[in-house]
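Undergrad: This is the structure, below, for whatever I ask next.
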Amino acid sequence: FKSGASTFRGTTVIWNGRLLVTASVPKGGNSALGNCTNDVVIGDAGTQPSDTPALLFDGPANSAFTFARGIAAWAANGAATFGSLSNVNITLSGPVAVSNTLHLLSSTAGTNALFVTGGIGGPGSVTLSGTGTVLYVAANTYTGATTLAAGTLRLAAAERIADASPLRLAGGVFDFSGFDETLGALDVDAASELDFQGASCTLTFAESSGQTWDGTLLLRRWIRGTTRLFIGDSAALTESQLGKITSPSGQVAAQLPTGEVILLPLGTMFLLQ
């Protein structure tokens, strides 16, 4: 949709396929999606498991778009997608309600990003993919899993994700920008990174020894005593899990009785507790 002057007032529902937008969508006033304040529905009860409903923005590099309407991702089957096809800035300022899975697709580069400023809520899950960055500005309350499949998930403040949300790392970088964050269990399914930014901060996960880690976890810019990582509240991680945690210089990990995970100095043979 290229026009910014459509005047229809009905609700936009995407059952299947891709709706491509090249202009901002305000809440009210004429826009590519009509003159309406209703939420845009991406997937509904009629969406089938093989369907791929998506609302995507595209434009010249470094363009900036705002989506101020709400989004309802009610697909009973499959997943809904919102994001970008090109290197553009998108601000998602309207509220999002997700009941199943919402894919946030960011194809940005450099300082461009998909900015989530309206907040995502509901019982569903969020999966982040694409080569770009998604920035969680608002505090999100969805209780399903947060899955990082590719790209970068960056936080703009502390506690941007609900404590009950498990984190599944299937690639990419979780950059919490030096802010404290608490999440559910941690699962590592592919080579992934946690970036501490060398700042004074604490990242806390629920007990995770029951998760099968098939991937590796790189702790970037971790500084002992300054940046802190807790996985559970006891030394419950398995030897296999600890063996998959490392630093860029090849340090190995250990877990203290408090649940804190640390990196050992190079050449350490064992840890006395």
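The chains in the structure tokens are called A, B, ... from first to last as shown; in each chain the residues are counted from 1, and the ligands are counted from 1 in the order shown.
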Write out as a PyMOL selection string the residues lying within 8 Å of segment 182-193 of chain A, counting only C-alpha atoms and excluding same-chain residues fewer than 4 positions away.
TA: chain A and resi 159+161-174+203-208+211-220+231
Undergrad: Write a file of the selected residues as a short mmCIF file (atom, residue, chain, number, x, y, z; two decimals), in the first residue's frame, keeping N, CA, C and O atoms.
TA:
data_model
loop_
_atom_site.label_atom_id
_atom_site.label_comp_id
_atom_site.auth_asym_id
_atom_site.auth_seq_id
_atom_site.Cartn_x
_atom_site.Cartn_y
_atom_site.Cartn_z
N GLU A 159 14.18 -4.27 32.95
CA GLU A 159 12.96 -5.06 33.08
C GLU A 159 11.96 -4.76 31.96
O GLU A 159 10.83 -4.36 32.20
N ILE A 161 11.08 -7.21 29.77
CA ILE A 161 10.43 -8.48 29.45
C ILE A 161 9.84 -9.05 30.73
O ILE A 161 10.46 -8.97 31.80
N ALA A 162 8.66 -9.65 30.64
CA ALA A 162 8.01 -10.22 31.83
C ALA A 162 8.89 -11.30 32.45
O ALA A 162 9.52 -12.10 31.75
N ASP A 163 8.92 -11.33 33.78
CA ASP A 163 9.75 -12.31 34.48
C ASP A 163 9.37 -13.75 34.13
O ASP A 163 10.22 -14.65 34.20
N ALA A 164 8.11 -13.97 33.76
CA ALA A 164 7.65 -15.32 33.47
C ALA A 164 8.05 -15.80 32.09
O ALA A 164 7.92 -17.00 31.78
N SER A 165 8.53 -14.91 31.24
CA SER A 165 8.84 -15.29 29.86
C SER A 165 10.17 -16.04 29.77
O SER A 165 11.22 -15.48 30.08
N PRO A 166 10.16 -17.31 29.34
CA PRO A 166 11.44 -18.02 29.11
C PRO A 166 12.17 -17.40 27.93
O PRO A 166 11.55 -16.86 27.02
N LEU A 167 13.48 -17.49 27.94
CA LEU A 167 14.28 -17.00 26.82
C LEU A 167 14.89 -18.17 26.08
O LEU A 167 15.61 -18.99 26.67
N ARG A 168 14.60 -18.27 24.79
CA ARG A 168 15.18 -19.30 23.94
C ARG A 168 16.11 -18.63 22.95
O ARG A 168 15.69 -17.80 22.13
N LEU A 169 17.39 -18.94 23.06
CA LEU A 169 18.38 -18.38 22.15
C LEU A 169 18.66 -19.38 21.04
O LEU A 169 19.21 -20.44 21.27
N ALA A 170 18.28 -19.01 19.82
CA ALA A 170 18.48 -19.88 18.66
C ALA A 170 19.34 -19.17 17.62
O ALA A 170 19.24 -19.43 16.42
N GLY A 171 20.19 -18.27 18.10
CA GLY A 171 21.04 -17.47 17.23
C GLY A 171 20.92 -16.01 17.61
O GLY A 171 19.99 -15.61 18.31
N GLY A 172 21.86 -15.19 17.19
CA GLY A 172 21.76 -13.77 17.43
C GLY A 172 22.37 -13.33 18.75
O GLY A 172 23.02 -14.10 19.46
N VAL A 173 22.12 -12.06 19.10
CA VAL A 173 22.71 -11.42 20.27
C VAL A 173 21.62 -10.81 21.14
O VAL A 173 20.78 -10.04 20.64
N PHE A 174 21.63 -11.16 22.43
CA PHE A 174 20.76 -10.48 23.39
C PHE A 174 21.62 -9.42 24.07
O PHE A 174 22.49 -9.73 24.88
N LEU A 203 21.77 -9.98 35.15
CA LEU A 203 20.84 -10.73 34.31
C LEU A 203 20.49 -12.00 35.07
O LEU A 203 21.38 -12.78 35.44
N THR A 204 19.19 -12.21 35.31
CA THR A 204 18.74 -13.32 36.15
C THR A 204 17.77 -14.19 35.38
O THR A 204 16.77 -13.70 34.84
N PHE A 205 18.06 -15.50 35.35
CA PHE A 205 17.16 -16.48 34.75
C PHE A 205 16.64 -17.42 35.82
O PHE A 205 17.29 -17.63 36.86
N ALA A 206 15.49 -18.02 35.56
CA ALA A 206 14.98 -19.07 36.44
C ALA A 206 15.84 -20.32 36.29
O ALA A 206 16.69 -20.42 35.38
N GLU A 207 15.66 -21.27 37.15
CA GLU A 207 16.41 -22.53 37.12
C GLU A 207 16.25 -23.17 35.73
O GLU A 207 15.15 -23.27 35.21
N SER A 208 17.37 -23.58 35.13
CA SER A 208 17.35 -23.99 33.72
C SER A 208 18.02 -25.32 33.46
O SER A 208 18.25 -25.68 32.29
N GLN A 211 16.63 -27.77 30.81
CA GLN A 211 16.62 -27.43 29.38
C GLN A 211 17.76 -28.15 28.66
O GLN A 211 18.85 -28.30 29.21
N THR A 212 17.48 -28.61 27.45
CA THR A 212 18.51 -29.25 26.64
C THR A 212 19.19 -28.20 25.78
O THR A 212 18.58 -27.65 24.86
N TRP A 213 20.43 -27.90 26.09
CA TRP A 213 21.17 -26.89 25.34
C TRP A 213 21.91 -27.56 24.18
O TRP A 213 22.87 -28.30 24.39
N ASP A 214 21.49 -27.26 22.97
CA ASP A 214 22.15 -27.81 21.79
C ASP A 214 23.13 -26.81 21.18
O ASP A 214 23.86 -27.16 20.25
N GLY A 215 23.12 -25.58 21.67
CA GLY A 215 23.99 -24.55 21.12
C GLY A 215 25.03 -24.08 22.11
O GLY A 215 25.17 -24.64 23.21
N THR A 216 25.78 -23.05 21.74
CA THR A 216 26.81 -22.48 22.59
C THR A 216 26.42 -21.06 22.98
O THR A 216 25.68 -20.38 22.27
N LEU A 217 26.95 -20.61 24.13
CA LEU A 217 26.60 -19.30 24.66
C LEU A 217 27.87 -18.51 24.92
O LEU A 217 28.68 -18.88 25.78
N LEU A 218 28.04 -17.41 24.19
CA LEU A 218 29.21 -16.55 24.34
C LEU A 218 28.84 -15.38 25.24
O LEU A 218 27.86 -14.66 24.98
N LEU A 219 29.61 -15.17 26.32
CA LEU A 219 29.41 -14.03 27.20
C LEU A 219 30.36 -12.92 26.77
O LEU A 219 31.57 -13.01 26.98
N ARG A 220 29.80 -11.88 26.17
CA ARG A 220 30.63 -10.79 25.64
C ARG A 220 30.64 -9.62 26.62
O ARG A 220 29.61 -9.23 27.16
N ILE A 231 21.70 -18.01 36.91
CA ILE A 231 20.79 -18.97 36.29
C ILE A 231 20.32 -19.88 37.41
O ILE A 231 21.01 -20.82 37.82
#
Undergrad: Which one is closest to Pro49 of chain A: A:Gln197, A:Thr11, A:Thr37, A:Asn16? Count only C-alpha atoms.
TA: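 Of A:Gln197, A:Thr11, A:Thr37, A:Asn16, the one nearest Pro49 of chain A is A:Asn16, counting only C-alpha atoms.
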Undergrad: Please report, as a PyMOL selection string, each residue of segment 209-242 of chain A to which DSSP assigns helix (DSSP H, G or I) when run on this structure's backbone.
TA: chain A and resi 239-242
Undergrad: With only C-alpha atoms as the counted atoms, please give the residues lying no more than 8 Å from segment 105-107 of chain A, apart from itself and same-chain residues fewer than 3 positions off, as a list of chain:residue names.
TA: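 Surrounding residues, per the criterion: A:Thr81, A:Phe82, A:Gly83, A:Ser84, A:Leu85, A:Ser86, A:Asn87, A:Val88, A:Ala113, A:Leu114, A:Leu128, A:Ser129, A:Gly130, A:Thr131, A:Gly132, A:Thr133, A:Val134, A:Gly151.
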Undergrad: Export, as a compact mmCIF listing (two decimals), in the first residue's frame, the selected residues with all heavy atoms.
TA:
# COMPACT_ATOMS: atom_id res chain seq x y z
N THR A 81 3.37 -11.98 11.53
CA THR A 81 4.66 -11.30 11.38
C THR A 81 4.45 -9.81 11.20
O THR A 81 3.57 -9.37 10.45
CB THR A 81 5.44 -11.86 10.17
OG1 THR A 81 5.71 -13.25 10.37
CG2 THR A 81 6.77 -11.13 9.99
N PHE A 82 5.30 -9.02 11.90
CA PHE A 82 5.32 -7.57 11.74
C PHE A 82 6.78 -7.15 11.62
O PHE A 82 7.64 -7.66 12.35
CB PHE A 82 4.69 -6.85 12.93
CG PHE A 82 4.75 -5.35 12.84
CD1 PHE A 82 3.73 -4.63 12.26
CD2 PHE A 82 5.86 -4.66 13.33
CE1 PHE A 82 3.78 -3.25 12.16
CE2 PHE A 82 5.93 -3.27 13.23
CZ PHE A 82 4.89 -2.57 12.65
N GLY A 83 7.08 -6.20 10.72
CA GLY A 83 8.47 -5.75 10.65
C GLY A 83 8.82 -5.08 9.35
O GLY A 83 7.99 -4.41 8.74
N SER A 84 10.08 -5.26 8.93
CA SER A 84 10.61 -4.54 7.77
C SER A 84 11.22 -5.50 6.77
O SER A 84 11.75 -6.55 7.14
CB SER A 84 11.67 -3.54 8.22
OG SER A 84 12.79 -4.19 8.80
N LEU A 85 11.17 -5.08 5.51
CA LEU A 85 11.84 -5.82 4.44
C LEU A 85 13.15 -5.17 4.05
O LEU A 85 13.96 -5.78 3.34
CB LEU A 85 10.93 -5.89 3.21
CG LEU A 85 9.85 -6.97 3.18
CD1 LEU A 85 9.14 -6.92 1.84
CD2 LEU A 85 10.42 -8.35 3.43
N SER A 86 13.39 -3.93 4.49
CA SER A 86 14.58 -3.20 4.08
C SER A 86 15.15 -2.42 5.26
O SER A 86 14.59 -2.45 6.37
CB SER A 86 14.24 -2.26 2.91
OG SER A 86 13.15 -1.42 3.27
N ASN A 87 16.24 -1.71 5.04
CA ASN A 87 16.94 -1.01 6.10
C ASN A 87 16.25 0.31 6.43
O ASN A 87 16.72 1.39 6.06
CB ASN A 87 18.40 -0.78 5.70
CG ASN A 87 19.21 -0.13 6.80
OD1 ASN A 87 18.86 -0.23 7.98
ND2 ASN A 87 20.29 0.54 6.42
N VAL A 88 15.13 0.22 7.14
CA VAL A 88 14.35 1.39 7.52
C VAL A 88 14.08 1.36 9.02
O VAL A 88 14.09 0.31 9.65
CB VAL A 88 13.01 1.45 6.75
CG1 VAL A 88 13.26 1.57 5.26
CG2 VAL A 88 12.14 0.22 7.05
N ALA A 113 16.52 0.49 13.43
CA ALA A 113 15.97 -0.60 14.25
C ALA A 113 14.46 -0.61 14.14
O ALA A 113 13.83 0.32 13.61
CB ALA A 113 16.39 -0.43 15.71
N LEU A 114 13.89 -1.68 14.65
CA LEU A 114 12.46 -1.76 14.91
C LEU A 114 12.26 -1.42 16.38
O LEU A 114 12.67 -2.17 17.26
CB LEU A 114 11.93 -3.16 14.59
CG LEU A 114 10.53 -3.53 15.05
CD1 LEU A 114 9.49 -2.53 14.57
CD2 LEU A 114 10.16 -4.95 14.59
N LEU A 128 11.99 -13.23 17.42
CA LEU A 128 12.70 -12.16 16.72
C LEU A 128 13.63 -12.77 15.68
O LEU A 128 14.38 -13.69 15.99
CB LEU A 128 13.48 -11.31 17.71
CG LEU A 128 12.61 -10.66 18.80
CD1 LEU A 128 12.68 -11.49 20.08
CD2 LEU A 128 13.01 -9.24 19.07
N SER A 129 13.57 -12.23 14.46
CA SER A 129 14.39 -12.78 13.38
C SER A 129 14.82 -11.66 12.44
O SER A 129 14.43 -10.51 12.60
CB SER A 129 13.62 -13.86 12.62
OG SER A 129 12.44 -13.33 12.06
N GLY A 130 15.61 -12.02 11.45
CA GLY A 130 16.16 -11.04 10.53
C GLY A 130 17.56 -10.64 10.97
O GLY A 130 18.03 -10.97 12.05
N THR A 131 18.23 -9.88 10.11
CA THR A 131 19.62 -9.51 10.36
C THR A 131 19.76 -8.25 11.21
O THR A 131 20.87 -7.89 11.61
CB THR A 131 20.34 -9.28 9.03
OG1 THR A 131 19.63 -8.26 8.29
CG2 THR A 131 20.39 -10.55 8.21
N GLY A 132 18.66 -7.57 11.49
CA GLY A 132 18.72 -6.28 12.14
C GLY A 132 18.47 -6.31 13.63
O GLY A 132 18.58 -7.34 14.29
N THR A 133 18.10 -5.14 14.17
CA THR A 133 17.93 -4.93 15.60
C THR A 133 16.49 -4.64 15.95
O THR A 133 15.81 -3.87 15.26
CB THR A 133 18.81 -3.75 16.07
OG1 THR A 133 20.19 -4.07 15.83
CG2 THR A 133 18.61 -3.45 17.55
N VAL A 134 16.02 -5.25 17.03
CA VAL A 134 14.74 -4.90 17.64
C VAL A 134 15.04 -4.29 18.99
O VAL A 134 15.77 -4.88 19.80
CB VAL A 134 13.83 -6.13 17.80
CG1 VAL A 134 12.55 -5.75 18.54
CG2 VAL A 134 13.48 -6.72 16.44
N GLY A 151 19.73 -11.87 14.48
CA GLY A 151 19.75 -10.44 14.72
C GLY A 151 20.08 -10.10 16.16
O GLY A 151 20.67 -10.90 16.89
Undergrad: Considering only C-alpha atoms, can you say which of A:Ser177, A:Thr127, A:Ser249, A:Thr7 comes closest to Arg160 of chain A?
TA: A:Ser177
Undergrad: Would you please work out which residue, of A:Gly28, A:Gly210, A:Gly59, A:Gly121, is nearest to Gln241 of chain A when using only C-alpha atoms?
TA: A:Gly210
Undergrad: Residues within 9 Å of Ala72 of chain A, please, as JSON, numbers by chain. Count only C-alpha atoms; anything in the same chain fewer than 6 positions from it doesn't count.
TA: {"A": [39, 40, 41, 42, 43, 44, 95, 96, 97, 98, 99]}
Undergrad: Given the selection you just returned, output its residues as a file containing N, CA and C atoms, formatted as a PDB file, in the first residue's frame.
TA:
ATOM      1  N   ASP A  39      -7.629  -1.699  15.832  1.00  0.00           N
ATOM      2  CA  ASP A  39      -6.430  -2.509  15.702  1.00  0.00           C
ATOM      3  C   ASP A  39      -6.397  -3.182  14.336  1.00  0.00           C
ATOM      4  N   VAL A  40      -5.206  -3.365  13.809  1.00  0.00           N
ATOM      5  CA  VAL A  40      -5.031  -4.200  12.621  1.00  0.00           C
ATOM      6  C   VAL A  40      -4.873  -5.637  13.094  1.00  0.00           C
ATOM      7  N   VAL A  41      -5.635  -6.533  12.518  1.00  0.00           N
ATOM      8  CA  VAL A  41      -5.635  -7.937  12.920  1.00  0.00           C
ATOM      9  C   VAL A  41      -4.732  -8.721  11.967  1.00  0.00           C
ATOM     10  N   ILE A  42      -3.707  -9.344  12.526  1.00  0.00           N
ATOM     11  CA  ILE A  42      -2.787 -10.166  11.712  1.00  0.00           C
ATOM     12  C   ILE A  42      -3.026 -11.621  12.093  1.00  0.00           C
ATOM     13  N   GLY A  43      -3.820 -12.314  11.294  1.00  0.00           N
ATOM     14  CA  GLY A  43      -4.202 -13.691  11.603  1.00  0.00           C
ATOM     15  C   GLY A  43      -5.397 -13.714  12.533  1.00  0.00           C
ATOM     16  N   ASP A  44      -6.366 -14.573  12.234  1.00  0.00           N
ATOM     17  CA  ASP A  44      -7.523 -14.717  13.113  1.00  0.00           C
ATOM     18  C   ASP A  44      -7.911 -16.183  13.194  1.00  0.00           C
ATOM     19  N   PRO A  95      -0.292  -0.403  20.965  1.00  0.00           N
ATOM     20  CA  PRO A  95      -0.225  -1.617  21.776  1.00  0.00           C
ATOM     21  C   PRO A  95      -0.417  -2.871  20.934  1.00  0.00           C
ATOM     22  N   VAL A  96       0.222  -3.957  21.345  1.00  0.00           N
ATOM     23  CA  VAL A  96       0.132  -5.228  20.627  1.00  0.00           C
ATOM     24  C   VAL A  96      -0.402  -6.288  21.568  1.00  0.00           C
ATOM     25  N   ALA A  97      -1.408  -7.039  21.108  1.00  0.00           N
ATOM     26  CA  ALA A  97      -1.951  -8.165  21.869  1.00  0.00           C
ATOM     27  C   ALA A  97      -1.680  -9.437  21.088  1.00  0.00           C
ATOM     28  N   VAL A  98      -0.986 -10.376  21.700  1.00  0.00           N
ATOM     29  CA  VAL A  98      -0.606 -11.608  21.004  1.00  0.00           C
ATOM     30  C   VAL A  98      -1.132 -12.810  21.770  1.00  0.00           C
ATOM     31  N   SER A  99      -1.829 -13.702  21.045  1.00  0.00           N
ATOM     32  CA  SER A  99      -2.388 -14.894  21.687  1.00  0.00           C
ATOM     33  C   SER A  99      -1.638 -16.157  21.304  1.00  0.00           C
TER      34      SER A  99
END
Undergrad: Kindly indicate which residue among A:Val25, A:Gly198, A:Thr238, A:Thr101 lies nearest to Ala145 of chain A, using only C-alpha atoms for the distances.
TA: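 Distance minimum relative to Ala145 of chain A lands on A:Thr101.
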Undergrad: Rounded to one decimal in Å, what is the spacing between atom CA of Asp180 of chain A and atom CA of Thr202 of chain A?
TA: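 A separation of 4.8 Å between them.
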Undergrad: Apply DSSP to the backbone of this structure and, from segment 47-255 of chain A, keep only the residues in strand (DSSP E); write these as an NGL selection string.
TA: :A and (54-57 or 64-67 or 71-73 or 80-84 or 89-92 or 96-98 or 101-105 or 114-116 or 120-121 or 125-129 or 133-136 or 146-148 or 152-155 or 167-169 or 173-175 or 181-182 or 186-188 or 192-195 or 201-205 or 217-220 or 227-231 or 245-246 or 253-255)
Undergrad: Would you please work out which residue, of A:Ser93, A:Ala157, A:Ser209, A:Gly267, is nearest to Ile71 of chain A when using only C-alpha atoms?
TA: A:Ser93
Undergrad: Name all residues at most 10 Å from Val137 of chain A (count only C-alpha atoms; drop same-chain ones fewer than 6 positions away) and give them as a list in words.
TA: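 The filter keeps Thr91, Leu92, Ser93, Phe115, Val116, Thr117, Gly118, Gly119, Arg154, Leu155, Ala156, Ala157, Ala158 and Arg160 of chain A.
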